[in-house]
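Chemist: Provided below: structure_25.txt, containing compact mmCIF, C-alpha atoms.
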# COMPACT_ATOMS: atom_id res chain seq x y z
CA MET F 1 -203.05 19.80 -113.26
CA LEU F 2 -204.01 23.34 -112.18
CA TYR F 3 -207.68 22.47 -112.54
CA MET F 4 -207.60 19.32 -110.42
CA HIS F 5 -209.82 19.37 -107.39
CA VAL F 6 -208.01 19.40 -104.04
CA MET F 7 -209.78 16.13 -103.23
CA ASP F 8 -208.19 14.52 -106.31
CA ILE F 9 -204.69 15.40 -105.15
CA THR F 10 -205.53 14.16 -101.66
CA ARG F 11 -206.71 10.82 -103.03
CA LEU F 12 -203.55 10.54 -105.12
CA ARG F 13 -201.54 11.05 -101.94
CA HIS F 14 -203.55 8.27 -100.29
CA ILE F 15 -202.81 5.92 -103.20
CA VAL F 16 -199.08 6.69 -103.16
CA ALA F 17 -198.96 6.23 -99.39
CA VAL F 18 -200.45 2.72 -99.67
CA SER F 19 -198.03 1.93 -102.51
CA ASP F 20 -195.06 3.08 -100.41
CA THR F 21 -196.05 1.25 -97.23
CA LEU F 22 -198.00 -1.71 -98.73
CA SER F 23 -200.24 -1.31 -95.72
CA PHE F 24 -203.58 0.46 -95.40
CA SER F 25 -203.11 0.94 -91.67
CA ARG F 26 -199.62 2.42 -91.93
CA ALA F 27 -200.67 4.59 -94.89
CA ALA F 28 -203.66 5.90 -92.90
CA GLU F 29 -201.38 6.76 -89.99
CA GLN F 30 -198.96 8.50 -92.35
CA GLN F 31 -201.78 10.56 -93.87
CA ASN F 32 -203.35 11.35 -90.47
CA ILE F 33 -206.73 9.82 -91.27
CA THR F 34 -208.54 6.70 -90.12
CA GLN F 35 -208.10 3.44 -92.01
CA PRO F 36 -211.80 3.24 -93.02
CA ALA F 37 -211.57 6.80 -94.42
CA LEU F 38 -208.46 5.86 -96.41
CA SER F 39 -210.16 2.74 -97.76
CA ARG F 40 -213.22 4.76 -98.82
CA SER F 41 -211.00 7.34 -100.56
CA ILE F 42 -209.24 4.69 -102.63
CA ALA F 43 -212.47 2.81 -103.31
CA ALA F 44 -214.04 6.01 -104.63
CA PHE F 45 -211.10 6.50 -107.02
CA GLU F 46 -211.37 2.88 -108.22
CA ALA F 47 -215.10 3.20 -108.77
CA ARG F 48 -214.77 6.47 -110.63
CA HIS F 49 -212.15 5.14 -113.05
CA GLY F 50 -213.19 1.49 -113.20
CA LEU F 51 -209.78 0.23 -112.01
CA ARG F 52 -208.51 -1.98 -109.22
CA LEU F 53 -205.33 -0.57 -107.72
CA PHE F 54 -204.46 -3.00 -104.93
CA ASP F 55 -204.94 -6.68 -104.20
CA ARG F 56 -205.30 -7.68 -100.57
CA SER F 57 -204.48 -11.12 -99.30
CA ARG F 58 -203.15 -12.79 -96.19
CA GLY F 59 -199.68 -12.02 -97.51
CA GLY F 60 -200.42 -8.29 -97.49
CA VAL F 61 -201.12 -5.62 -100.06
CA THR F 62 -199.76 -5.72 -103.60
CA LEU F 63 -200.06 -3.29 -106.51
CA THR F 64 -202.02 -4.40 -109.56
CA PRO F 65 -200.71 -3.46 -113.04
CA SER F 66 -203.32 -0.71 -113.09
CA GLY F 67 -202.12 0.39 -109.66
CA SER F 68 -198.52 0.65 -110.87
CA PHE F 69 -199.60 2.84 -113.78
CA VAL F 70 -201.73 5.10 -111.54
CA VAL F 71 -199.02 5.43 -108.89
CA GLU F 72 -196.45 6.52 -111.48
CA GLN F 73 -198.85 9.17 -112.80
CA ALA F 74 -199.86 10.16 -109.28
CA ARG F 75 -196.27 10.85 -108.21
CA ALA F 76 -195.81 13.21 -111.15
CA MET F 77 -199.08 15.00 -110.36
CA ILE F 78 -198.19 15.37 -106.69
CA ARG F 79 -194.75 16.77 -107.55
CA ALA F 80 -196.35 19.26 -109.94
CA SER F 81 -198.95 20.25 -107.34
CA ASP F 82 -196.28 20.75 -104.69
CA GLU F 83 -194.17 22.80 -107.10
CA PHE F 84 -197.18 24.92 -108.01
CA SER F 85 -197.96 25.58 -104.33
CA ARG F 86 -194.32 26.40 -103.64
CA ASN F 87 -194.11 28.83 -106.55
CA VAL F 88 -197.34 30.59 -105.57
CA LYS F 89 -196.02 30.95 -102.01
CA LEU F 90 -192.72 32.37 -103.28
CA TYR F 91 -194.57 34.75 -105.60
CA THR F 92 -196.79 35.94 -102.75
CA GLU F 93 -193.66 36.62 -100.70
CA GLY F 94 -192.07 38.52 -103.59
CA ALA F 95 -189.37 35.86 -103.98
CA ALA F 96 -190.40 34.55 -107.39
CA GLY F 97 -191.96 35.87 -110.57
CA ARG F 98 -191.06 38.68 -112.92
CA VAL F 99 -190.62 42.38 -112.28
CA ALA F 100 -189.71 45.11 -114.78
CA PHE F 101 -188.76 48.54 -113.50
CA GLY F 102 -186.84 51.58 -114.66
CA LEU F 103 -184.43 54.10 -113.18
CA GLY F 104 -182.83 57.30 -114.34
CA PRO F 105 -179.08 57.34 -115.07
CA LEU F 106 -178.04 58.71 -111.66
CA LEU F 107 -180.18 56.33 -109.62
CA GLY F 108 -179.12 53.50 -111.91
CA SER F 109 -175.48 54.21 -111.09
CA LEU F 110 -176.12 54.72 -107.38
CA LEU F 111 -178.69 52.04 -106.62
CA LEU F 112 -178.82 49.33 -109.25
CA PRO F 113 -175.74 47.22 -108.39
CA ASP F 114 -176.63 47.03 -104.69
CA LEU F 115 -180.35 46.68 -105.42
CA ALA F 116 -179.72 43.77 -107.79
CA ARG F 117 -177.66 42.04 -105.11
CA ARG F 118 -180.43 42.50 -102.54
CA LEU F 119 -183.10 41.29 -104.98
CA LEU F 120 -181.25 38.12 -105.97
CA ALA F 121 -180.38 37.36 -102.35
CA HIS F 122 -184.07 37.66 -101.40
CA GLY F 123 -185.41 35.76 -104.41
CA PRO F 124 -182.84 33.88 -106.51
CA GLU F 125 -185.69 32.66 -108.76
CA LEU F 126 -186.77 36.18 -109.71
CA GLU F 127 -186.67 37.40 -113.28
CA ILE F 128 -185.51 41.02 -112.98
CA ILE F 129 -185.76 43.31 -116.01
CA THR F 130 -184.35 46.83 -115.63
CA ALA F 131 -184.23 49.88 -117.90
CA VAL F 132 -181.94 52.86 -117.37
CA LYS F 133 -183.34 55.72 -119.46
CA SER F 134 -184.33 59.36 -119.35
CA PRO F 135 -187.51 60.25 -117.40
CA ASP F 136 -189.65 60.83 -120.50
CA GLN F 137 -188.63 57.46 -121.99
CA LEU F 138 -189.34 55.68 -118.70
CA LEU F 139 -192.78 57.25 -118.45
CA ALA F 140 -193.58 56.20 -122.01
CA ASP F 141 -192.60 52.61 -121.13
CA LEU F 142 -194.70 52.75 -117.97
CA PHE F 143 -197.82 53.86 -119.86
CA ASP F 144 -197.13 51.19 -122.51
CA ASN F 145 -197.04 48.56 -119.71
CA LYS F 146 -193.43 47.67 -120.51
CA LEU F 147 -192.51 48.62 -116.93
CA GLU F 148 -194.46 48.01 -113.73
CA MET F 149 -192.73 50.79 -111.84
CA ILE F 150 -190.13 53.54 -112.02
CA ILE F 151 -187.73 54.61 -109.30
CA GLY F 152 -187.26 58.30 -109.93
CA ASN F 153 -187.21 61.90 -108.72
CA VAL F 154 -190.41 63.39 -107.36
CA TRP F 155 -189.95 66.68 -109.24
CA GLN F 156 -189.76 64.90 -112.59
CA VAL F 157 -193.25 63.39 -112.29
CA SER F 158 -195.09 65.55 -109.76
CA GLU F 159 -197.34 67.05 -112.47
CA VAL F 160 -197.80 63.90 -114.57
CA HIS F 161 -201.43 62.70 -114.64
CA GLY F 162 -202.32 59.02 -114.30
CA VAL F 163 -199.48 57.98 -112.01
CA ALA F 164 -199.25 57.18 -108.31
CA LEU F 165 -196.23 58.19 -106.23
CA GLU F 166 -194.81 56.45 -103.16
CA GLU F 167 -192.02 58.51 -101.60
CA ILE F 168 -189.20 56.31 -100.31
CA GLY F 169 -186.39 58.68 -99.39
CA SER F 170 -184.29 61.60 -100.51
CA LEU F 171 -180.80 62.41 -101.71
CA ASP F 172 -178.71 65.39 -100.60
CA LEU F 173 -177.67 67.70 -103.44
CA VAL F 174 -174.63 69.96 -103.63
CA HIS F 175 -173.02 72.32 -106.12
CA VAL F 176 -169.62 71.08 -107.29
CA VAL F 177 -166.89 72.54 -109.50
CA ARG F 178 -163.34 71.56 -110.43
CA ARG F 179 -160.63 72.03 -107.80
CA ASP F 180 -159.08 75.25 -109.21
CA HIS F 181 -162.34 76.85 -110.31
CA PRO F 182 -162.49 80.62 -109.58
CA LEU F 183 -165.67 80.09 -107.52
CA THR F 184 -163.74 78.03 -104.97
CA GLN F 185 -161.98 81.23 -103.89
CA LEU F 186 -165.29 82.73 -102.70
CA GLU F 187 -166.48 82.06 -99.16
CA LYS F 188 -170.09 82.50 -100.27
CA VAL F 189 -171.12 82.19 -103.92
CA THR F 190 -174.00 84.40 -105.04
CA PRO F 191 -176.43 83.18 -107.72
CA GLU F 192 -175.14 86.02 -109.91
CA ALA F 193 -171.54 84.80 -109.57
CA LEU F 194 -172.65 81.24 -110.32
CA ALA F 195 -174.53 82.39 -113.44
CA ALA F 196 -171.31 83.72 -114.91
CA TYR F 197 -170.18 80.15 -115.58
CA PRO F 198 -171.76 77.35 -117.64
CA VAL F 199 -173.79 74.65 -115.97
CA ALA F 200 -173.85 70.89 -116.49
CA ARG F 201 -177.21 69.10 -116.25
CA PRO F 202 -178.60 65.64 -116.97
CA VAL F 203 -181.81 67.03 -118.53
CA ARG F 204 -182.77 70.26 -120.20
CA LEU F 205 -185.02 72.38 -118.02
CA THR F 206 -187.87 74.51 -119.34
CA GLY F 207 -186.45 77.89 -120.28
CA ASP F 208 -182.96 76.53 -119.67
CA GLN F 209 -180.94 79.30 -121.28
CA THR F 210 -178.02 81.04 -119.61
CA ASP F 211 -175.55 83.58 -120.95
CA ALA F 212 -172.69 81.31 -119.96
CA GLY F 213 -174.12 78.20 -121.60
CA THR F 214 -175.40 74.78 -120.60
CA PHE F 215 -174.02 71.30 -121.18
CA VAL F 216 -176.79 68.65 -121.11
CA CYS F 217 -175.97 64.94 -120.97
CA ASP F 218 -177.87 62.07 -119.35
CA ASN F 219 -174.65 60.11 -118.77
CA PHE F 220 -173.53 61.09 -115.27
CA HIS F 221 -170.04 59.68 -115.76
CA VAL F 222 -169.57 62.04 -118.71
CA LEU F 223 -170.98 64.93 -116.65
CA ARG F 224 -168.51 64.22 -113.87
CA GLU F 225 -165.56 64.23 -116.27
CA MET F 226 -166.79 67.41 -117.97
CA VAL F 227 -167.02 69.25 -114.67
CA GLU F 228 -163.51 68.14 -113.72
CA ALA F 229 -162.18 69.49 -117.02
CA THR F 230 -164.21 72.69 -117.57
CA ASP F 231 -165.69 75.72 -115.81
CA CYS F 232 -169.11 74.03 -115.55
CA SER F 233 -170.84 73.89 -112.19
CA TRP F 234 -173.04 70.89 -111.42
CA ILE F 235 -175.74 70.06 -108.90
CA THR F 236 -175.31 66.41 -107.95
CA THR F 237 -175.38 64.06 -104.99
CA PRO F 238 -172.23 63.63 -102.87
CA SER F 239 -172.61 59.86 -103.14
CA PHE F 240 -171.84 59.93 -106.84
CA VAL F 241 -168.72 62.10 -106.53
CA HIS F 242 -167.46 60.99 -103.12
CA ALA F 243 -164.12 59.76 -104.52
CA GLU F 244 -163.54 63.04 -106.37
CA LEU F 245 -164.48 65.08 -103.29
CA ALA F 246 -162.13 62.98 -101.18
CA SER F 247 -159.25 63.43 -103.66
CA GLY F 248 -159.99 67.12 -104.13
CA SER F 249 -160.45 66.97 -107.91
CA LEU F 250 -163.97 68.30 -107.32
CA GLN F 251 -164.99 70.76 -104.62
CA MET F 252 -168.32 71.77 -103.18
CA ILE F 253 -169.28 75.44 -103.22
CA ASP F 254 -171.75 77.17 -100.91
CA VAL F 255 -174.34 79.01 -103.02
CA GLU F 256 -176.57 81.57 -101.32
CA GLY F 257 -180.17 80.40 -101.12
CA PHE F 258 -179.32 76.81 -102.05
CA SER F 259 -178.36 75.24 -98.73
CA ASN F 260 -179.78 71.86 -97.69
CA LEU F 261 -180.87 70.94 -101.20
CA LYS F 262 -182.58 67.55 -101.44
CA SER F 263 -184.10 65.46 -104.20
CA GLY F 264 -187.09 63.36 -103.22
CA ILE F 265 -187.02 59.82 -104.55
CA CYS F 266 -190.23 57.89 -105.19
CA VAL F 267 -191.67 54.74 -106.70
CA ILE F 268 -193.88 55.65 -109.66
CA THR F 269 -196.67 53.33 -110.83
CA LEU F 270 -199.80 53.70 -112.91
CA ALA F 271 -202.68 54.99 -110.82
CA GLY F 272 -205.36 52.44 -109.98
CA ARG F 273 -203.22 49.41 -110.87
CA THR F 274 -202.79 46.50 -108.47
CA ARG F 275 -199.11 46.00 -107.84
CA SER F 276 -197.42 42.61 -107.81
CA PRO F 277 -195.90 41.29 -104.55
CA VAL F 278 -192.50 41.44 -106.26
CA SER F 279 -192.81 45.16 -106.98
CA ARG F 280 -193.74 45.85 -103.37
CA MET F 281 -190.71 43.90 -102.25
CA VAL F 282 -188.59 45.99 -104.64
CA SER F 283 -189.96 49.15 -103.00
CA ASP F 284 -188.96 47.86 -99.56
CA LEU F 285 -185.45 46.98 -100.74
CA VAL F 286 -185.04 50.35 -102.47
CA ARG F 287 -186.06 52.06 -99.25
CA MET F 288 -183.38 50.08 -97.39
CA ALA F 289 -180.80 50.95 -100.05
CA MET F 290 -181.79 54.62 -99.81
CA ASP F 291 -181.31 54.55 -96.03
CA ASP F 292 -177.82 53.10 -96.50
CA LEU F 293 -177.06 55.68 -99.20
CA GLY F 294 -178.22 58.47 -96.90
CA ALA F 295 -175.85 57.29 -94.20
CA GLU F 296 -173.01 57.24 -96.73
CA GLU F 297 -173.87 60.75 -97.90
CA THR F 298 -173.85 62.08 -94.34
CA ALA F 299 -170.44 60.52 -93.76
CA SER F 300 -169.16 61.95 -97.07
CA LEU F 301 -170.36 65.45 -96.20
CA ASP F 302 -168.82 65.18 -92.74
CA ARG F 303 -165.47 64.14 -94.22
CA THR F 304 -165.46 67.12 -96.56
CA GLY F 305 -166.34 69.49 -93.75
CA THR F 306 -169.72 70.65 -95.03
So, in terms of structure tokens, how does the structure I just supplied come out?
Modeler:
Amino acid sequence: MLYMHVMDITRLRHIVAVSDTLSFSRAAEQQNITQPALSRSIAAFEARHGLRLFDRSRGGVTLTPSGSFVVEQARAMIRASDEFSRNVKLYTEGAAGRVAFGLGPLLGSLLLPDLARRLLAHGPELEIITAVKSPDQLLADLFDNKLEMIIGNVWQVSEVHGVALEEIGSLDLVHVVRRDHPLTQLEKVTPEALAAYPVARPVRLTGDQTDAGTFVCDNFHVLREMVEATDCSWITTPSFVHAELASGSLQMIDVEGFSNLKSGICVITLAGRTRSPVSRMVSDLVRMAMDDLGAEETASLDRTGT
């Protein structure tokens, strides 16, 4: 069906119109063409296939047995053609098709539930495949063409060759510790005072060795519980710990030289690759979700007095 000429589908529509109305004049009016043009269209089909589709008499127009067979086939072809056109239109609008993208653990927790809701509301016929992994695993999947895009932190990929970055927003970052941590007694925490305690991180940084120790885990829920139960400090986004900040189980500390920390968020794709309409729509929806998240972060920081 995909290889049929547009003229073939048009002629099939003419045949079905005559079958439905049993009138060449009414069918021509329905199809917005003249009656002679409609008659020529059907005659051309009959000549090409060696069939007679309609008998005309004083009593009107009747379908021949060959006509009945052709009309049945024509209806199926027209439905398939219309469905094909509809699906292509939806795909062009980013409302149909398949998209595979990845996120890190934090962004997965923060964005994915709301993003999935937005995606399915925009295109209920989408096939959405997501992967929540560490940055190095996501990049490997991107280069293996298992993912079309990654939603990640700018700093994690800024020096990676062969990728293109589209910045879409940023997240505020703060230092947090448990409620009765000794650092909460200081009005201003120096980097030296901070270094006296272990740190919690989602990834190991180059040269990441401190006298006080480091706890590395890519599960942010585990990190949150560890910080609540130990002397670890943690740089995270207020959005992820807003409930703990509100209850007081975690507290923000003001570290000298680390005010107004932000993490840039970007869409990461392979350089030089043409992106699908669906992936572009995902970028737009992520940007909207980031704007909403930013508003929530501002409100969270205001409530905690920072």
Chemist: I'd like the contact shell of F:Val176 - 9 Å cut-off, only C-alpha atoms, skipping same-chain residues fewer than 2 positions apart - returned as a ChimeraX atom specification.
Modeler: /F:174,178,227,232-236,245,250-253
Chemist: Please identify all polymer residues lying at most 10 Å from the point (-178.9, 72.2, -95.0) (file coordinates), using all atoms listed in the file, and present the result as a ChimeraX atom specification.
Modeler: /F:172-174,258-262,306
Chemist: Please produce a file of those selected residues containing C-alpha atoms, as a PDB file, keeping the file's coordinate frame.
Modeler:
ATOM      1  CA  ASP F 172    -178.710  65.390-100.600  1.00  0.00           C
ATOM      2  CA  LEU F 173    -177.670  67.700-103.440  1.00  0.00           C
ATOM      3  CA  VAL F 174    -174.630  69.960-103.630  1.00  0.00           C
ATOM      4  CA  PHE F 258    -179.320  76.810-102.050  1.00  0.00           C
ATOM      5  CA  SER F 259    -178.360  75.240 -98.730  1.00  0.00           C
ATOM      6  CA  ASN F 260    -179.780  71.860 -97.690  1.00  0.00           C
ATOM      7  CA  LEU F 261    -180.870  70.940-101.200  1.00  0.00           C
ATOM      8  CA  LYS F 262    -182.580  67.550-101.440  1.00  0.00           C
ATOM      9  CA  THR F 306    -169.720  70.650 -95.030  1.00  0.00           C
TER      10      THR F 306
END
Chemist: So, counting only C-alpha atoms, which residue among F:Gly162, F:Gly257, F:Gly123, F:Gly108 is closest to F:Val286?
Modeler: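 Among the listed residues, the smallest separation from F:Val286 belongs to F:Gly108.
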Chemist: Of the residues F:Leu285, F:Ala37, F:Leu63, F:Val157, which is the one nearest to F:Asp20, using all atoms listed in the file?
Modeler: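 Looking at the shortest contact to F:Asp20, the residue is F:Leu63.
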Chemist: Find the distance between atom CA of F:Val99 and atom CA of F:Ala131 and write it in Å to one decimal.
Modeler: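 We find that atom CA of F:Val99 and atom CA of F:Ala131 lie 11.3 Å from each other.
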Chemist: What are the nearest atom pairs, with distances in Å to one decimal, for all residues of stretch 60-140 of chain F that come at most 9 Å from stretch 200-204 of chain F, using only C-alpha atoms, set out by chain and rising residue number as JSON lines?
Modeler:
{"residue": "F:Pro105", "atom": "CA", "partner": "F:Pro202", "partner_atom": "CA", "distance": 8.5}
{"residue": "F:Leu106", "atom": "CA", "partner": "F:Pro202", "partner_atom": "CA", "distance": 8.7}
{"residue": "F:Ser134", "atom": "CA", "partner": "F:Val203", "partner_atom": "CA", "distance": 8.1}
{"residue": "F:Pro135", "atom": "CA", "partner": "F:Val203", "partner_atom": "CA", "distance": 8.9}
Chemist: Which one is closest to F:Asp284: F:Pro36, F:Gly60, F:Pro65, F:Gly169? Count only C-alpha atoms.
Modeler: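 Closest to F:Asp284 of all the choices is F:Gly169.
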Chemist: What are the centre and the three edge lengths of an axis-aligned box that wraps all atoms of stretch 135-144 of chain F in the file, given that 5 Å is added to every side, written as AutoDock Vina command-line options and rounded to one decimal in Å?
Modeler:
--center_x -192.7 --center_y 56.0 --center_z -120.0 --size_x 20.3 --size_y 19.6 --size_z 15.1
Chemist: Quick one: of F:Phe240, F:Phe101, F:Phe24, F:Phe45, who's nearest to F:Glu127, counting all atoms listed in the file?
Modeler: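 Once distances to F:Glu127 are computed over all atoms listed in the file, the minimum belongs to F:Phe101.
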Chemist: Figure out the distance between atom CA of F:Gly152 and atom CA of F:Gly94, please, to one decimal in Å.
Modeler: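 Interatomic distance, atom CA of F:Gly94 to atom CA of F:Gly152: 21.3 Å.
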